[in-house]
Every structure is written in structure tokens, then in C-alpha cells.
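So this block is run.cif, mmCIF, C-alpha atoms and all ligand atoms:
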data_target
loop_
_atom_site.label_atom_id
_atom_site.label_comp_id
_atom_site.auth_asym_id
_atom_site.auth_seq_id
_atom_site.Cartn_x
_atom_site.Cartn_y
_atom_site.Cartn_z
CA SER A 1 74.58 -44.72 24.58
CA GLN A 2 71.21 -43.69 23.21
CA THR A 3 70.28 -40.11 22.42
CA ARG A 4 66.69 -39.57 23.50
CA ILE A 5 64.57 -37.31 21.33
CA ALA A 6 61.17 -36.10 22.51
CA VAL A 7 58.71 -35.75 19.61
CA ILE A 8 55.80 -33.34 19.99
CA VAL A 9 53.12 -33.70 17.32
CA GLY A 10 50.81 -30.69 16.97
CA SER A 11 47.77 -32.71 15.86
CA LEU A 12 45.57 -34.96 17.99
CA ARG A 13 43.87 -36.48 14.94
CA LYS A 14 43.98 -40.29 14.84
CA ASP A 15 45.14 -40.42 11.23
CA SER A 16 47.32 -37.32 11.50
CA PHE A 17 49.75 -36.86 8.58
CA ASN A 18 52.07 -35.11 11.02
CA ARG A 19 52.14 -38.16 13.31
CA LYS A 20 52.80 -40.34 10.24
CA LEU A 21 55.62 -38.03 9.24
CA ALA A 22 57.08 -38.21 12.75
CA LEU A 23 56.94 -42.01 12.68
CA ALA A 24 58.51 -42.08 9.21
CA LEU A 25 61.35 -39.81 10.37
CA ALA A 26 62.22 -42.40 13.02
CA HIS A 27 63.07 -44.85 10.22
CA LEU A 28 65.61 -42.35 8.85
CA MET A 29 67.38 -41.81 12.19
CA PRO A 30 70.67 -43.47 13.18
CA SER A 31 70.34 -46.46 15.51
CA ASP A 32 71.64 -44.53 18.54
CA PHE A 33 68.74 -42.05 18.33
CA THR A 34 65.51 -43.04 20.11
CA LEU A 35 62.35 -41.06 19.31
CA GLU A 36 59.64 -40.91 21.95
CA HIS A 37 56.26 -39.30 21.22
CA LEU A 38 55.06 -37.13 24.09
CA ARG A 39 51.38 -37.16 24.94
CA ILE A 40 49.67 -33.75 24.93
CA ASP A 41 46.00 -34.72 24.50
CA ASP A 42 45.40 -35.20 28.24
CA LEU A 43 46.73 -31.82 29.36
CA PRO A 44 44.21 -29.40 30.85
CA LEU A 45 43.78 -25.98 29.31
CA TYR A 46 46.59 -23.84 30.64
CA ASN A 47 45.57 -21.70 33.64
CA GLN A 48 48.17 -19.65 35.47
CA ASP A 49 46.32 -20.22 38.75
CA ASP A 50 47.55 -23.83 38.64
CA ASP A 51 51.28 -22.98 38.30
CA GLY A 52 51.91 -23.98 41.93
CA ASN A 53 49.92 -27.18 41.61
CA GLN A 54 50.48 -28.60 38.16
CA ALA A 55 48.35 -31.54 37.00
CA PRO A 56 50.01 -34.99 36.89
CA SER A 57 49.88 -34.92 33.08
CA VAL A 58 51.78 -31.61 33.08
CA LYS A 59 54.40 -32.94 35.50
CA ARG A 60 54.78 -36.02 33.30
CA LEU A 61 55.26 -33.87 30.20
CA LYS A 62 57.90 -31.78 31.95
CA SER A 63 59.85 -34.80 33.18
CA GLU A 64 59.76 -36.39 29.71
CA ILE A 65 61.18 -33.20 28.22
CA ALA A 66 63.83 -33.02 30.95
CA ALA A 67 64.91 -36.60 30.16
CA ALA A 68 65.38 -35.85 26.45
CA GLN A 69 68.56 -34.58 24.82
CA GLY A 70 66.66 -33.01 21.93
CA LEU A 71 63.22 -32.20 20.57
CA ILE A 72 61.34 -32.49 17.29
CA PHE A 73 58.17 -30.49 16.73
CA VAL A 74 56.04 -31.93 13.91
CA THR A 75 53.10 -29.65 13.42
CA PRO A 76 50.24 -28.82 11.12
CA GLU A 77 49.14 -25.25 10.48
CA TYR A 78 45.68 -24.23 11.65
CA ASN A 79 44.31 -21.03 10.15
CA ARG A 80 47.80 -19.72 9.40
CA ALA A 81 48.92 -20.31 12.98
CA LEU A 82 50.32 -23.03 15.21
CA PRO A 83 47.60 -25.29 16.63
CA GLY A 84 46.20 -24.37 20.04
CA VAL A 85 46.90 -27.83 21.45
CA LEU A 86 50.58 -27.38 20.70
CA LYS A 87 50.75 -23.89 22.20
CA ASN A 88 48.90 -25.21 25.24
CA ALA A 89 51.55 -27.90 25.77
CA ILE A 90 54.38 -25.42 25.27
CA ASP A 91 52.87 -23.00 27.79
CA HIS A 92 52.35 -25.73 30.40
CA ALA A 93 55.94 -26.96 30.25
CA SER A 94 57.29 -23.39 30.38
CA ARG A 95 55.90 -22.81 33.89
CA PRO A 96 56.14 -22.05 36.78
CA TYR A 97 58.32 -19.05 36.03
CA GLY A 98 61.97 -20.01 36.23
CA GLN A 99 61.20 -23.73 36.00
CA SER A 100 60.68 -24.16 32.27
CA ALA A 101 61.41 -27.64 30.96
CA TRP A 102 62.34 -26.26 27.53
CA ALA A 103 65.37 -24.10 28.19
CA GLY A 104 68.46 -25.19 26.29
CA LYS A 105 66.92 -28.22 24.56
CA PRO A 106 67.88 -28.16 20.87
CA ALA A 107 64.97 -28.69 18.47
CA GLY A 108 64.00 -29.42 14.92
CA VAL A 109 60.81 -27.96 13.45
CA ILE A 110 59.00 -29.70 10.62
CA GLY A 111 55.44 -30.10 9.38
CA ILE A 112 53.15 -31.48 6.72
CA SER A 113 49.92 -30.05 5.36
CA VAL A 114 47.58 -30.47 2.45
CA GLY A 115 48.52 -27.05 1.09
CA ALA A 116 51.65 -26.37 -0.99
CA ILE A 117 53.26 -23.84 1.36
CA GLY A 118 51.45 -25.31 4.32
CA THR A 119 52.93 -25.16 7.80
CA ALA A 120 55.38 -22.38 6.84
CA VAL A 121 53.51 -19.76 8.86
CA ALA A 122 52.90 -22.13 11.78
CA GLN A 123 56.57 -23.12 11.82
CA GLN A 124 57.69 -19.49 11.76
CA GLN A 125 55.43 -18.67 14.72
CA LEU A 126 56.67 -21.75 16.55
CA ARG A 127 60.28 -20.64 16.01
CA THR A 128 59.47 -17.27 17.60
CA VAL A 129 58.01 -18.97 20.68
CA LEU A 130 60.93 -21.40 20.91
CA ALA A 131 63.49 -18.59 20.62
CA TYR A 132 61.88 -16.89 23.60
CA LEU A 133 62.04 -20.18 25.53
CA ASP A 134 65.78 -20.49 24.82
CA VAL A 135 65.28 -23.51 22.54
CA PRO A 136 67.82 -23.34 19.71
CA THR A 137 66.20 -24.53 16.47
CA LEU A 138 67.86 -26.02 13.40
CA GLY A 139 67.62 -23.25 10.79
CA GLN A 140 68.45 -25.16 7.61
CA PRO A 141 67.17 -27.03 5.84
CA GLU A 142 63.62 -25.83 6.35
CA ALA A 143 61.06 -28.58 5.68
CA PHE A 144 57.57 -27.78 4.45
CA ILE A 145 56.09 -31.09 3.35
CA GLN A 146 52.93 -31.36 1.26
CA ASN A 147 50.90 -34.51 1.66
CA LYS A 148 50.41 -36.64 -1.44
CA GLU A 149 48.56 -39.91 -1.73
CA SER A 150 51.71 -41.93 -2.45
CA LEU A 151 53.92 -40.26 0.18
CA PHE A 152 53.81 -43.09 2.76
CA ASP A 153 53.94 -46.83 2.04
CA ASP A 154 51.85 -49.38 3.95
CA LYS A 155 54.65 -49.83 6.51
CA GLY A 156 54.71 -46.10 7.26
CA HIS A 157 57.98 -45.40 5.48
CA ILE A 158 58.37 -42.51 3.05
CA ALA A 159 57.65 -44.11 -0.32
CA GLU A 160 58.24 -41.14 -2.58
CA GLY A 161 61.91 -41.07 -3.65
CA SER A 162 62.70 -37.37 -3.83
CA THR A 163 60.90 -36.62 -0.55
CA LYS A 164 62.69 -39.51 1.15
CA LYS A 165 66.03 -38.16 -0.03
CA PHE A 166 65.12 -34.66 1.13
CA LEU A 167 63.98 -35.91 4.56
CA GLN A 168 67.12 -38.05 4.97
CA GLY A 169 69.12 -34.87 4.36
CA TRP A 170 67.02 -33.06 6.98
CA VAL A 171 67.54 -35.90 9.49
CA ASP A 172 71.30 -35.92 8.89
CA LYS A 173 71.52 -32.17 9.59
CA TYR A 174 69.25 -32.55 12.59
CA VAL A 175 71.38 -35.33 14.09
CA ASP A 176 74.50 -33.21 13.61
CA TRP A 177 72.70 -30.24 15.24
CA ILE A 178 71.71 -32.30 18.27
CA LYS A 179 75.21 -33.68 18.70
CA ARG A 180 76.57 -30.13 18.74
CA HIS A 181 73.96 -28.65 21.10
CA ALA A 182 72.75 -31.43 23.41
CA THR A 183 73.41 -30.61 27.06
CA ALA A 184 71.41 -33.15 29.07
C1 LIG B 201 43.57 -26.66 8.43
N1 LIG B 201 44.43 -26.90 7.35
C2 LIG B 201 45.34 -25.92 6.98
N2 LIG B 201 46.38 -26.19 6.10
C3 LIG B 201 47.31 -25.25 5.81
O1 LIG B 201 48.22 -25.53 5.07
N3 LIG B 201 47.20 -23.99 6.34
C4 LIG B 201 46.20 -23.64 7.20
O2 LIG B 201 46.16 -22.51 7.66
C5 LIG B 201 45.22 -24.62 7.53
N4 LIG B 201 44.20 -24.34 8.39
C6 LIG B 201 43.46 -25.35 8.94
C7 LIG B 201 42.62 -25.10 10.04
C8 LIG B 201 41.96 -26.13 10.66
C9 LIG B 201 41.12 -25.87 11.89
C10 LIG B 201 42.09 -27.45 10.17
C11 LIG B 201 41.39 -28.62 10.83
C12 LIG B 201 42.86 -27.71 9.06
C13 LIG B 201 44.48 -28.22 6.71
C14 LIG B 201 45.54 -29.12 7.32
O3 LIG B 201 46.73 -28.99 6.57
C15 LIG B 201 45.09 -30.58 7.27
O4 LIG B 201 43.86 -30.73 7.97
C16 LIG B 201 46.13 -31.52 7.84
O5 LIG B 201 45.74 -32.85 7.56
C17 LIG B 201 46.28 -31.33 9.36
O6 LIG B 201 47.36 -32.08 9.85
P1 LIG B 201 47.17 -33.56 10.47
O7 LIG B 201 46.04 -33.54 11.44
O8 LIG B 201 46.89 -34.47 9.31
O9 LIG B 201 48.49 -33.86 11.11
#
Transcribe the structure of this file into C-alpha cells.
Amino acid sequence: SQTRIAVIVGSLRKDSFNRKLALALAHLMPSDFTLEHLRIDDLPLYNQDDDGNQAPSVKRLKSEIAAAQGLIFVTPEYNRALPGVLKNAIDHASRPYGQSAWAGKPAGVIGISVGAIGTAVAQQQLRTVLAYLDVPTLGQPEAFIQNKESLFDDKGHIAEGSTKKFLQGWVDKYVDWIKRHATA
């Protein structure tokens, strides 16, 4: 049977490197892992007044998370923090109180930026949020990817040899982590 992984990309940009990275990771996954990108660009701004009457897009997000056995967060870093659009999605799916969609879903955290240590701070903040939400995150290997012109080929695969090898190692550990922690 298929293991369903919900992918949450922290950038809404059309040509997002993080979305490209997420799509490239799918090529490195075993055939029994299905990666599904969750939409977060149509969520309203989080407002606690709406907890009892969540928007259809919020309900959809929560049901997609519930249907997944694991999560992958692929996020850029904005001003040494996690992007607001990502935090907005996390907050939505954590409510109403006691009905969080996140609890117990194992996750991987990864990101790509133009800077050399890019996404390290954003990832660390994200891990803090996820720990509070009872989302166990793969600790090692950490993956801070720097974008380079030759990183992706024209089919969206990782072209650069050492990065491909590194990411395959990350995927292998991630798959093992999900198999050990998946509950749904
Ligand atoms: C950035 N960028 C950035 N990079 C980084 O490594 N650390 C940072 O703190 C920031 N801050 C930041 C703020 C804002 C508002 C923007 C728009 C960008 C650069 C970032 O790495 C680059 O734009 C990536 O291309 C963003 O990821 P996507 O959209 O390509 O997935």
C-alpha cells in the first residue's frame, strides 16, 4: 500500500526553488511513497474568531493533513524567520483548540535559499513550532541547500552529483523515520 506524504512548501512564488526542491525529492522517493503538495495560497489570514467556522480551504487543508501518514516542510527563510504564509497555514490547521490536524504526524524539514547558511534559522524556528504541535521531526541529517544554477536539470531532477547523493541520503533517512513513526 502507498504511504501518503503531505508536502507543505513555504513559498508561493511561481518559480520557487523550494517547490522545485520538493518536486525533485519526489524522484528520490521509493515507489510506495506518494508526495502530495498541499495548497496554502488560498487560506485566509488566521483569525481566532473563525475557529468555530473555518473556511472551506482550511477544512480542506486539515483533511489533507489527516489523510497523510507523514509530512515534509520545504521552506525558504524570510528575514531570518519562517515565512508568514507557512506560519499562517500551520496556525490554521492547529485549531480549534484540541482539534489540531498536526498532532503525531512525523515530519521532515528541509529548505533551499540563495544564501550559504540559508534556511537554517527558519528551519530551527519551524522545529520549535512543530515540537509544540507534537510533530516529531527527523533530526539528522539536517539539510540546508544553497541554490546554484546547475542544481536542477531541465526535467526537474537534481543534476549536481554531490547534492543528489546528499539528498538521496536524506530521503533514505526520512523514509526510515516515517516507517518508524507513522500512525495514520
Ligand atoms: C529572502 N531571502 C533570504 N534568504 C536567506 O537565506 N535568508 C533570509 O533571511 C532571507 N530573507 C528574505 C526575505 C524576503 C522577504 C525574501 C523575498 C527573500 C532570499 C531567499 O532565499 C530567496 O528569495 C529564495 O529564492 C526564496 O525561496 P523560493 O521562493 O525560491 O522558494
Neighbourhood of ligand LIG 201 (chain B) at 10 Å, counting all atoms listed in the file, reported as a VMD selection string: chain A and resid 9 to 22 74 to 84 111 to 122 144 to 147
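Going from CA of Ala131 in chain A to CA of Tyr174 in chain A covers 17.1 Å.
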Two-atom distance - CA of Arg4 in chain A, CA of Leu167 in chain A (Å):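 It comes out at 19.5 Å.
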Separation of CA of Leu151 in chain A from CA of Thr163 in chain A in Å: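 Computing it gives 7.9 Å between the two atoms.
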With only C-alpha atoms counted and 12 Å as the cut-off, give the residues of range 123-163 of chain A in contact with range 87-102 of chain A, each with its shortest interatomic distance in Å and the pair that gives it, as a Markdown table.
| residue | atom | partner | partner_atom | distance |
| --- | --- | --- | --- | --- |
| A:Gln123 | CA | A:Lys87 | CA | 11.9 |
| A:Gln125 | CA | A:Lys87 | CA | 10.3 |
| A:Leu126 | CA | A:Lys87 | CA | 8.5 |
| A:Arg127 | CA | A:Lys87 | CA | 11.8 |
| A:Thr128 | CA | A:Lys87 | CA | 11.9 |
| A:Val129 | CA | A:Ile90 | CA | 8.7 |
| A:Leu130 | CA | A:Trp102 | CA | 8.3 |
| A:Ala131 | CA | A:Trp102 | CA | 10.4 |
| A:Tyr132 | CA | A:Trp102 | CA | 10.2 |
| A:Leu133 | CA | A:Trp102 | CA | 6.4 |
| A:Asp134 | CA | A:Trp102 | CA | 7.2 |
| A:Val135 | CA | A:Trp102 | CA | 6.4 |
| A:Pro136 | CA | A:Trp102 | CA | 10.0 |
| A:Thr137 | CA | A:Trp102 | CA | 11.8 |
Using C-alpha atoms, can you write the selected residues to a file as a tab-separated table (two decimals), in the coordinates of the input?
chain	number	residue	atom	x	y	z
A	123	GLN	CA	56.57	-23.12	11.82
A	125	GLN	CA	55.43	-18.67	14.72
A	126	LEU	CA	56.67	-21.75	16.55
A	127	ARG	CA	60.28	-20.64	16.01
A	128	THR	CA	59.47	-17.27	17.60
A	129	VAL	CA	58.01	-18.97	20.68
A	130	LEU	CA	60.93	-21.40	20.91
A	131	ALA	CA	63.49	-18.59	20.62
A	132	TYR	CA	61.88	-16.89	23.60
A	133	LEU	CA	62.04	-20.18	25.53
A	134	ASP	CA	65.78	-20.49	24.82
A	135	VAL	CA	65.28	-23.51	22.54
A	136	PRO	CA	67.82	-23.34	19.71
A	137	THR	CA	66.20	-24.53	16.47
